[in-house]
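Below: coords-v7.txt (compact mmCIF, C-alpha atoms)
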```
# COMPACT_ATOMS: atom_id res chain seq x y z
CA MET A 1 31.95 -13.66 46.50
CA THR A 2 34.70 -15.28 44.48
CA ARG A 3 37.78 -13.27 43.77
CA ALA A 4 40.51 -14.24 41.36
CA ILE A 5 44.08 -14.41 42.58
CA THR A 6 47.17 -15.78 40.93
CA VAL A 7 49.25 -18.33 42.81
CA GLN A 8 52.51 -19.84 41.68
CA LEU A 9 52.90 -23.41 42.87
CA GLN A 10 56.01 -25.61 42.89
CA VAL A 11 55.47 -29.35 43.31
CA ASP A 12 57.77 -32.34 43.09
CA ASP A 13 57.72 -34.69 40.09
CA GLU A 14 55.48 -37.25 41.83
CA ILE A 15 52.76 -34.67 42.58
CA ASP A 16 53.09 -33.14 39.11
CA SER A 17 52.63 -36.56 37.52
CA ALA A 18 49.64 -37.38 39.74
CA MET A 19 48.02 -34.06 38.86
CA HIS A 20 48.48 -34.60 35.13
CA GLN A 21 47.14 -38.16 35.41
CA ALA A 22 44.03 -36.97 37.27
CA ILE A 23 43.35 -34.34 34.61
CA ALA A 24 43.98 -36.81 31.76
CA ALA A 25 41.56 -39.25 33.42
CA HIS A 26 38.94 -36.46 33.53
CA GLU A 27 38.83 -36.50 37.33
CA PHE A 28 39.32 -32.74 37.10
CA ALA A 29 38.75 -30.32 34.24
CA SER A 30 41.94 -28.38 34.90
CA THR A 31 44.83 -27.81 37.27
CA GLN A 32 42.84 -24.95 38.76
CA ALA A 33 39.88 -27.25 39.50
CA LEU A 34 42.20 -29.84 41.08
CA VAL A 35 43.92 -27.30 43.32
CA GLU A 36 40.60 -25.70 44.29
CA GLN A 37 39.22 -29.12 45.32
CA ALA A 38 42.38 -29.93 47.26
CA LEU A 39 42.04 -26.65 49.16
CA LEU A 40 38.36 -27.27 49.86
CA ASP A 41 39.18 -30.77 51.16
CA TRP A 42 41.94 -29.32 53.37
CA LYS A 43 39.59 -26.65 54.73
CA GLU A 44 36.87 -29.22 55.45
CA ARG A 45 39.28 -31.41 57.42
CA ARG A 46 40.67 -28.39 59.28
CA ASP A 47 37.18 -27.22 60.19
CA ASN A 48 36.15 -30.74 61.28
CA ASN A 49 39.15 -31.55 63.50
CA GLY A 50 40.82 -33.72 60.85
CA TYR A 51 37.73 -35.58 59.68
CA SER A 52 36.03 -35.35 56.32
CA ARG A 53 32.27 -34.89 56.21
CA ALA A 54 31.87 -38.50 55.05
CA GLU A 55 33.94 -39.75 58.00
CA LEU A 56 31.88 -37.71 60.46
CA GLU A 57 28.64 -39.00 58.93
CA ALA A 58 29.93 -42.59 59.24
CA GLU A 59 30.84 -42.01 62.91
CA ILE A 60 27.40 -40.57 63.60
CA ALA A 61 25.68 -43.50 61.87
CA GLN A 62 27.79 -45.96 63.87
CA GLY A 63 26.94 -44.13 67.08
CA LEU A 64 23.23 -44.23 66.29
CA GLN A 65 23.44 -48.00 65.80
CA SER A 66 25.33 -48.54 69.07
CA PRO A 67 23.50 -49.49 72.25
CA PRO A 68 22.77 -46.62 74.66
CA SER A 69 25.63 -45.65 76.93
CA SER A 70 25.46 -45.69 80.69
CA LEU A 71 27.63 -42.54 80.70
CA SER A 72 26.14 -39.13 81.35
CA LEU A 73 26.31 -36.45 78.68
CA PRO A 74 29.08 -34.51 80.52
CA GLU A 75 31.14 -37.72 80.73
CA ILE A 76 30.62 -38.41 77.02
CA MET A 77 31.62 -34.84 76.13
CA ALA A 78 34.72 -35.03 78.36
CA ARG A 79 35.79 -38.25 76.66
CA ALA A 80 35.14 -36.78 73.22
CA ARG A 81 37.21 -33.68 74.03
CA ALA A 82 40.03 -35.83 75.38
CA ARG A 83 39.97 -37.96 72.23
CA LEU A 84 40.06 -34.89 69.96
CA HIS A 85 42.82 -33.11 71.86
CA GLY A 86 44.77 -36.07 73.22
```

Entire entry expressed as structure tokens:
Amino acid sequence: MTRAITVQLQVDDEIDSAMHQAIAAHEFASTQALVEQALLDWKERRDNNGYSRAELEAEIAQGLQSPPSSLSLPEIMARARARLHG
């Protein structure tokens, strides 16, 4: 369910200019659409440990094309956790 809230946002001149340029170039229909997309992008990265969906898909594709590893699954998971948290 979508609920409407009002948010007041202060941005510096550089961000303001970039927002207006994006809207003028029809990248976004409105300031609201731009801010909503920025928040969705932020949420996606937060939920995916800093990666966008496209980046994760690229990593998966690269992994599928790589030769099989001699590491066991627990070793792979330990390395992945260390990489994410280290």

> Any idea what's packed within 12 Å of segment 15-27 of chain A, counting all atoms listed in the file, ignoring anything in its chain fewer than 6 positions away? Could you give it as a ChimeraX atom specification?
Replying inline: /A:9,33-35,37-38

> atom CA of Gly63 of chain A and atom CA of Arg45 of chain A, how far apart in Å?
Replying inline: 20.2 Å

>> For a test of reading the model, state the distance in Å between atom CA of Glu55 of chain A and atom CA of Met77 of chain A, rounded to one decimal.
In response: 18.9 Å

>> One number please: atom CA of Leu56 of chain A to atom CA of Trp42 of chain A, in Å, one decimal.
In response: 14.9 Å

How about completing segment 30-42 of chain A with N, CA and C atoms and giving it to me as a PDB file, in the frame of the given file?
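After the write, selection20.pdb holds the following:
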```
ATOM      1  N   SER A  30      40.734 -29.183  35.064  1.00  0.00           N
ATOM      2  CA  SER A  30      41.940 -28.380  34.900  1.00  0.00           C
ATOM      3  C   SER A  30      42.772 -28.444  36.184  1.00  0.00           C
ATOM      4  N   THR A  31      43.988 -27.924  36.078  1.00  0.00           N
ATOM      5  CA  THR A  31      44.830 -27.810  37.270  1.00  0.00           C
ATOM      6  C   THR A  31      44.159 -26.920  38.296  1.00  0.00           C
ATOM      7  N   GLN A  32      43.534 -25.861  37.839  1.00  0.00           N
ATOM      8  CA  GLN A  32      42.840 -24.950  38.760  1.00  0.00           C
ATOM      9  C   GLN A  32      41.750 -25.697  39.517  1.00  0.00           C
ATOM     10  N   ALA A  33      40.951 -26.504  38.835  1.00  0.00           N
ATOM     11  CA  ALA A  33      39.880 -27.250  39.500  1.00  0.00           C
ATOM     12  C   ALA A  33      40.450 -28.240  40.507  1.00  0.00           C
ATOM     13  N   LEU A  34      41.552 -28.889  40.175  1.00  0.00           N
ATOM     14  CA  LEU A  34      42.200 -29.840  41.080  1.00  0.00           C
ATOM     15  C   LEU A  34      42.691 -29.135  42.337  1.00  0.00           C
ATOM     16  N   VAL A  35      43.379 -28.035  42.165  1.00  0.00           N
ATOM     17  CA  VAL A  35      43.920 -27.300  43.320  1.00  0.00           C
ATOM     18  C   VAL A  35      42.782 -26.735  44.168  1.00  0.00           C
ATOM     19  N   GLU A  36      41.736 -26.217  43.536  1.00  0.00           N
ATOM     20  CA  GLU A  36      40.600 -25.700  44.290  1.00  0.00           C
ATOM     21  C   GLU A  36      39.971 -26.810  45.146  1.00  0.00           C
ATOM     22  N   GLN A  37      39.806 -28.011  44.559  1.00  0.00           N
ATOM     23  CA  GLN A  37      39.220 -29.120  45.320  1.00  0.00           C
ATOM     24  C   GLN A  37      40.136 -29.547  46.459  1.00  0.00           C
ATOM     25  N   ALA A  38      41.430 -29.570  46.202  1.00  0.00           N
ATOM     26  CA  ALA A  38      42.380 -29.930  47.260  1.00  0.00           C
ATOM     27  C   ALA A  38      42.296 -28.934  48.419  1.00  0.00           C
ATOM     28  N   LEU A  39      42.164 -27.667  48.106  1.00  0.00           N
ATOM     29  CA  LEU A  39      42.040 -26.650  49.160  1.00  0.00           C
ATOM     30  C   LEU A  39      40.720 -26.766  49.907  1.00  0.00           C
ATOM     31  N   LEU A  40      39.648 -27.068  49.192  1.00  0.00           N
ATOM     32  CA  LEU A  40      38.360 -27.270  49.860  1.00  0.00           C
ATOM     33  C   LEU A  40      38.400 -28.488  50.782  1.00  0.00           C
ATOM     34  N   ASP A  41      39.039 -29.570  50.324  1.00  0.00           N
ATOM     35  CA  ASP A  41      39.180 -30.770  51.160  1.00  0.00           C
ATOM     36  C   ASP A  41      40.004 -30.455  52.413  1.00  0.00           C
ATOM     37  N   TRP A  42      41.094 -29.714  52.234  1.00  0.00           N
ATOM     38  CA  TRP A  42      41.940 -29.320  53.370  1.00  0.00           C
ATOM     39  C   TRP A  42      41.142 -28.484  54.363  1.00  0.00           C
TER      40      TRP A  42
END
```
